[in-house]
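Colleague: Mind having a look at this structure? Questions to follow.
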Amino acid sequence: MAITAQLVKELRQKTGAGMMDCKKALTETDGDIDKAIDLLREKGIAKAAKKADRIAAEGLTLIKTDGNTGVILEVNSETDFVAKNEGFQALLNELADHLLAAKPATIEEAHASKMENGSTVEEHITAAIAKIGEKITLRRFSVITKEDNAAFGSYLHMGGRIGVLAVLNGTTDEELARDIAMHVAAVNPKYISRDQVSEEEANREREVLTQQALQEGKPENIVAKMVEGRLNKFFEEICLLDQAFVKNPDEKVKQVVAAKNATVQTYVRYEVGEGIEKRQDNFAEEVMSQVKK
């Protein structure tokens, strides 16, 4: 039987599954839409699709390294309870191993890449959704490479609520690299050094500080000097190398790494759910909405 676009559209509307999944199911069932629905349900695709509009803002980060390659990823779930589920954590590890080996450049490329079991990452996640029962998403990842004379530093806070992968050049001291990653997890700097701060951002802050000083009634002839002093404080807040080291506040981070003739190449910091607008459900209203159905 010819699989028409109208038939595919109808199946999509009934199941919420993707176009290619619908077309494949209709082909396998010779155009029988009821059997196609059952087939999609059996595969967990229809069930997973129904969860697509839910908000997944919980989850975990994970870091893995292999030689000179490292990966940090964030996988989200709808609830913290599921994030502690063994199946969810197994999925997290499987995705990390795959990303470390495949090294995809984008999230789209990652979803389309094939895992060892023959499934694409997207299909593998869909199967996990059907089994675990919540929306799960591979939100983001970074694959980082280093030189031989460099060290990875990885740190997971609260079991993976915050993850940091850092790279130090000029040293193989993994303990130092981990300390820097821990500092980044705690303080969350925006930049490595002040030369990464755009002139526009610095000037904007300078203007704000200037207006503050003038409103405080400071004489104009000393305002400029005051502003530059306060601007240094601004850089200390946002630049890693200018910050007081969390393990020894008497030292700056730049002094700690310089003592080992090291430099900070890069770092990636993920905090689970940051930037995702979490839905605020009213439990009583939710119960009543179910009672009224």
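Labels used: A, B, ... for chains in the order of the structure tokens, numbers from 1 for residues in each chain, and numbers from 1 for ligands as shown.
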Excluding Gln211 in chain A and its own-chain neighbours fewer than 6 positions away, which residues fall within 12 Å of it when counting only C-alpha atoms? Please give them as a tab-separated table (two decimals) with N, CA, C and O atoms, in the first residue's frame.
Modeller:
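Once written, out11.tsv looks like this:
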chain	number	residue	atom	x	y	z
A	204	ARG	N	31.21	49.91	29.92
A	204	ARG	CA	29.87	49.99	30.51
A	204	ARG	C	29.97	49.98	32.04
A	204	ARG	O	29.30	50.76	32.72
A	205	GLU	N	30.82	49.11	32.57
A	205	GLU	CA	31.02	49.04	34.01
A	205	GLU	C	31.68	50.32	34.51
A	205	GLU	O	31.32	50.85	35.57
A	217	GLY	N	28.77	62.08	45.71
A	217	GLY	CA	29.27	63.41	46.01
A	217	GLY	C	30.78	63.52	46.00
A	217	GLY	O	31.34	64.48	46.55
A	218	LYS	N	31.46	62.56	45.39
A	218	LYS	CA	32.91	62.60	45.33
A	218	LYS	C	33.36	63.71	44.36
A	218	LYS	O	32.72	63.93	43.32
A	219	PRO	N	34.43	64.39	44.67
A	219	PRO	CA	34.95	65.43	43.77
A	219	PRO	C	35.35	64.83	42.42
A	219	PRO	O	35.91	63.73	42.37
A	220	GLU	N	35.06	65.56	41.37
A	220	GLU	CA	35.33	65.05	40.03
A	220	GLU	C	36.81	64.74	39.80
A	220	GLU	O	37.15	63.84	39.05
A	223	VAL	N	37.38	61.20	41.05
A	223	VAL	CA	36.45	60.16	40.60
A	223	VAL	C	37.14	59.15	39.69
A	223	VAL	O	36.98	57.93	39.86
A	224	ALA	N	37.91	59.64	38.71
A	224	ALA	CA	38.56	58.73	37.76
A	224	ALA	C	39.46	57.72	38.47
A	224	ALA	O	39.46	56.53	38.14
A	226	MET	N	39.23	56.74	41.61
A	226	MET	CA	38.37	55.84	42.38
A	226	MET	C	37.76	54.75	41.49
A	226	MET	O	37.70	53.58	41.86
A	227	VAL	N	37.33	55.19	40.31
A	227	VAL	CA	36.67	54.27	39.37
A	227	VAL	C	37.63	53.16	38.95
A	227	VAL	O	37.24	51.99	38.88
Colleague: Using only C-alpha atoms, which residue out of A:Ile136, A:Thr145, A:Val82, A:Phe88 lies closest to Leu100 in chain A?
Modeller: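 For Leu100 in chain A, the nearest of the given residues is A:Thr145.
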Colleague: DSSP on the backbone, strand (DSSP E) only: what residues of range 38-185 of chain A does that give? Format it as a VMD selection string.
Modeller: chain A and resid 58 to 66 69 to 77 137 to 145 150 to 157 162 to 169
Colleague: Using N, CA and C atoms, can you export the residues from the last selection as a CSV table (one decimal), in the first residue's frame?
Modeller:
chain,number,residue,atom,x,y,z
A,58,GLU,N,15.9,19.2,35.7
A,58,GLU,CA,16.7,18.5,36.7
A,58,GLU,C,17.8,17.7,35.9
A,59,GLY,N,18.5,16.8,36.6
A,59,GLY,CA,19.4,15.9,35.9
A,59,GLY,C,20.8,16.0,36.5
A,60,LEU,N,21.8,15.6,35.7
A,60,LEU,CA,23.2,15.6,36.2
A,60,LEU,C,24.2,16.0,35.1
A,61,THR,N,25.4,16.4,35.5
A,61,THR,CA,26.5,16.5,34.6
A,61,THR,C,27.4,15.4,34.9
A,62,LEU,N,28.3,15.1,33.9
A,62,LEU,CA,29.3,14.0,34.0
A,62,LEU,C,30.5,14.4,33.2
A,63,ILE,N,31.7,14.0,33.6
A,63,ILE,CA,32.9,14.2,33.0
A,63,ILE,C,33.7,12.9,32.8
A,64,LYS,N,34.2,12.7,31.6
A,64,LYS,CA,35.1,11.6,31.4
A,64,LYS,C,36.3,12.0,30.5
A,65,THR,N,37.4,11.4,30.8
A,65,THR,CA,38.6,11.7,30.0
A,65,THR,C,39.2,10.4,29.5
A,66,ASP,N,39.9,10.5,28.4
A,66,ASP,CA,40.6,9.3,27.8
A,66,ASP,C,41.8,9.9,27.1
A,69,THR,N,41.8,13.5,25.5
A,69,THR,CA,40.5,14.0,25.1
A,69,THR,C,39.6,13.9,26.4
A,70,GLY,N,38.8,14.9,26.6
A,70,GLY,CA,37.9,14.9,27.7
A,70,GLY,C,36.5,15.4,27.2
A,71,VAL,N,35.5,15.0,27.9
A,71,VAL,CA,34.1,15.4,27.6
A,71,VAL,C,33.4,15.7,28.9
A,72,ILE,N,32.6,16.8,28.8
A,72,ILE,CA,31.7,17.2,29.9
A,72,ILE,C,30.3,17.3,29.3
A,73,LEU,N,29.3,16.7,29.9
A,73,LEU,CA,27.9,16.8,29.3
A,73,LEU,C,26.9,17.0,30.4
A,74,GLU,N,25.7,17.5,30.0
A,74,GLU,CA,24.6,17.7,30.9
A,74,GLU,C,23.4,16.9,30.3
A,75,VAL,N,22.8,16.0,31.0
A,75,VAL,CA,21.6,15.3,30.6
A,75,VAL,C,20.5,15.7,31.6
A,76,ASN,N,19.4,16.1,31.1
A,76,ASN,CA,18.3,16.6,32.0
A,76,ASN,C,17.2,15.6,32.1
A,77,SER,N,16.5,15.6,33.2
A,77,SER,CA,15.3,14.8,33.5
A,77,SER,C,14.3,15.8,34.0
A,137,THR,N,16.7,14.7,28.1
A,137,THR,CA,17.3,15.4,27.0
A,137,THR,C,18.8,15.5,27.2
A,138,LEU,N,19.6,15.3,26.1
A,138,LEU,CA,21.0,15.6,26.1
A,138,LEU,C,21.0,17.1,25.8
A,139,ARG,N,21.3,17.9,26.8
A,139,ARG,CA,21.1,19.4,26.7
A,139,ARG,C,22.4,20.0,26.0
A,140,ARG,N,23.5,19.6,26.5
A,140,ARG,CA,24.8,20.2,25.9
A,140,ARG,C,26.0,19.3,26.3
A,141,PHE,N,27.0,19.5,25.6
A,141,PHE,CA,28.3,18.8,25.9
A,141,PHE,C,29.4,19.6,25.3
A,142,SER,N,30.6,19.4,25.8
A,142,SER,CA,31.9,19.9,25.2
A,142,SER,C,32.9,18.8,25.2
A,143,VAL,N,33.5,18.7,24.0
A,143,VAL,CA,34.7,17.8,23.9
A,143,VAL,C,35.9,18.6,23.8
A,144,ILE,N,36.8,18.4,24.7
A,144,ILE,CA,38.1,19.2,24.8
A,144,ILE,C,39.3,18.3,24.7
A,145,THR,N,40.3,18.8,23.9
A,145,THR,CA,41.5,18.1,23.7
A,145,THR,C,42.6,18.9,24.4
A,150,ALA,N,50.1,18.8,29.5
A,150,ALA,CA,49.0,19.5,30.0
A,150,ALA,C,48.2,18.5,30.9
A,151,ALA,N,47.3,19.1,31.7
A,151,ALA,CA,46.5,18.3,32.7
A,151,ALA,C,45.1,18.6,32.6
A,152,PHE,N,44.2,17.6,32.7
A,152,PHE,CA,42.8,17.8,32.8
A,152,PHE,C,42.5,17.9,34.3
A,153,GLY,N,41.6,18.8,34.7
A,153,GLY,CA,41.1,18.8,36.0
A,153,GLY,C,39.6,18.7,36.0
A,154,SER,N,39.1,17.7,36.6
A,154,SER,CA,37.6,17.5,36.6
A,154,SER,C,37.1,17.6,38.1
A,155,TYR,N,35.9,18.2,38.2
A,155,TYR,CA,35.3,18.3,39.5
A,155,TYR,C,33.8,18.3,39.4
A,156,LEU,N,33.1,17.4,40.2
A,156,LEU,CA,31.7,17.3,40.2
A,156,LEU,C,31.2,17.6,41.6
A,157,HIS,N,30.3,18.6,41.7
A,157,HIS,CA,29.8,19.1,43.0
A,157,HIS,C,28.4,18.5,43.2
A,162,ILE,N,26.8,20.4,39.6
A,162,ILE,CA,27.7,21.3,39.0
A,162,ILE,C,28.9,20.4,38.5
A,163,GLY,N,29.3,20.6,37.3
A,163,GLY,CA,30.5,19.9,36.7
A,163,GLY,C,31.4,20.9,36.1
A,164,VAL,N,32.7,20.7,36.3
A,164,VAL,CA,33.7,21.6,35.7
A,164,VAL,C,34.8,20.8,35.1
A,165,LEU,N,35.2,21.0,33.9
A,165,LEU,CA,36.3,20.4,33.3
A,165,LEU,C,37.3,21.5,32.9
A,166,ALA,N,38.5,21.5,33.4
A,166,ALA,CA,39.5,22.5,33.2
A,166,ALA,C,40.7,21.9,32.6
A,167,VAL,N,41.5,22.7,31.8
A,167,VAL,CA,42.8,22.2,31.2
A,167,VAL,C,43.9,23.2,31.6
A,168,LEU,N,44.9,22.7,32.2
A,168,LEU,CA,46.1,23.5,32.5
A,168,LEU,C,47.2,23.1,31.6
A,169,ASN,N,47.9,24.1,31.0
A,169,ASN,CA,49.0,23.9,30.1
A,169,ASN,C,50.3,24.0,30.9
Colleague: Any idea what's packed within 12 Å of Phe235 in chain A, counting only C-alpha atoms, ignoring anything in its chain fewer than 2 positions away? Could you give it as a list in words?
Modeller: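 Residues near the query, excluding close chain neighbours: Pro189, Lys190, Tyr191, Ile192, Ser193, Arg194, Asp195, Gln196, Val197, Ser198, Glu201, Ala202, Glu205, Arg206, Glu228, Gly229, Arg230, Leu231, Asn232, Lys233, Glu237, Ile238, Cys239, Leu240, Leu241, Asp242, Gln243 and Ala244 of chain A.
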Colleague: Compare A:Lys24, A:Leu209, A:Ile107, A:Glu134 by their minimum atom-to-atom distance to Arg54 in chain A, counting only C-alpha atoms, and give me the closest one.
Modeller: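 For Arg54 in chain A, the nearest of the candidates is A:Glu134.
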Colleague: For Thr4 in chain A, which residue among A:Asp32, A:Glu199, A:Glu271, A:Glu42 is the nearest when counting only C-alpha atoms?
Modeller: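 Distance minimum relative to Thr4 in chain A lands on A:Asp32.
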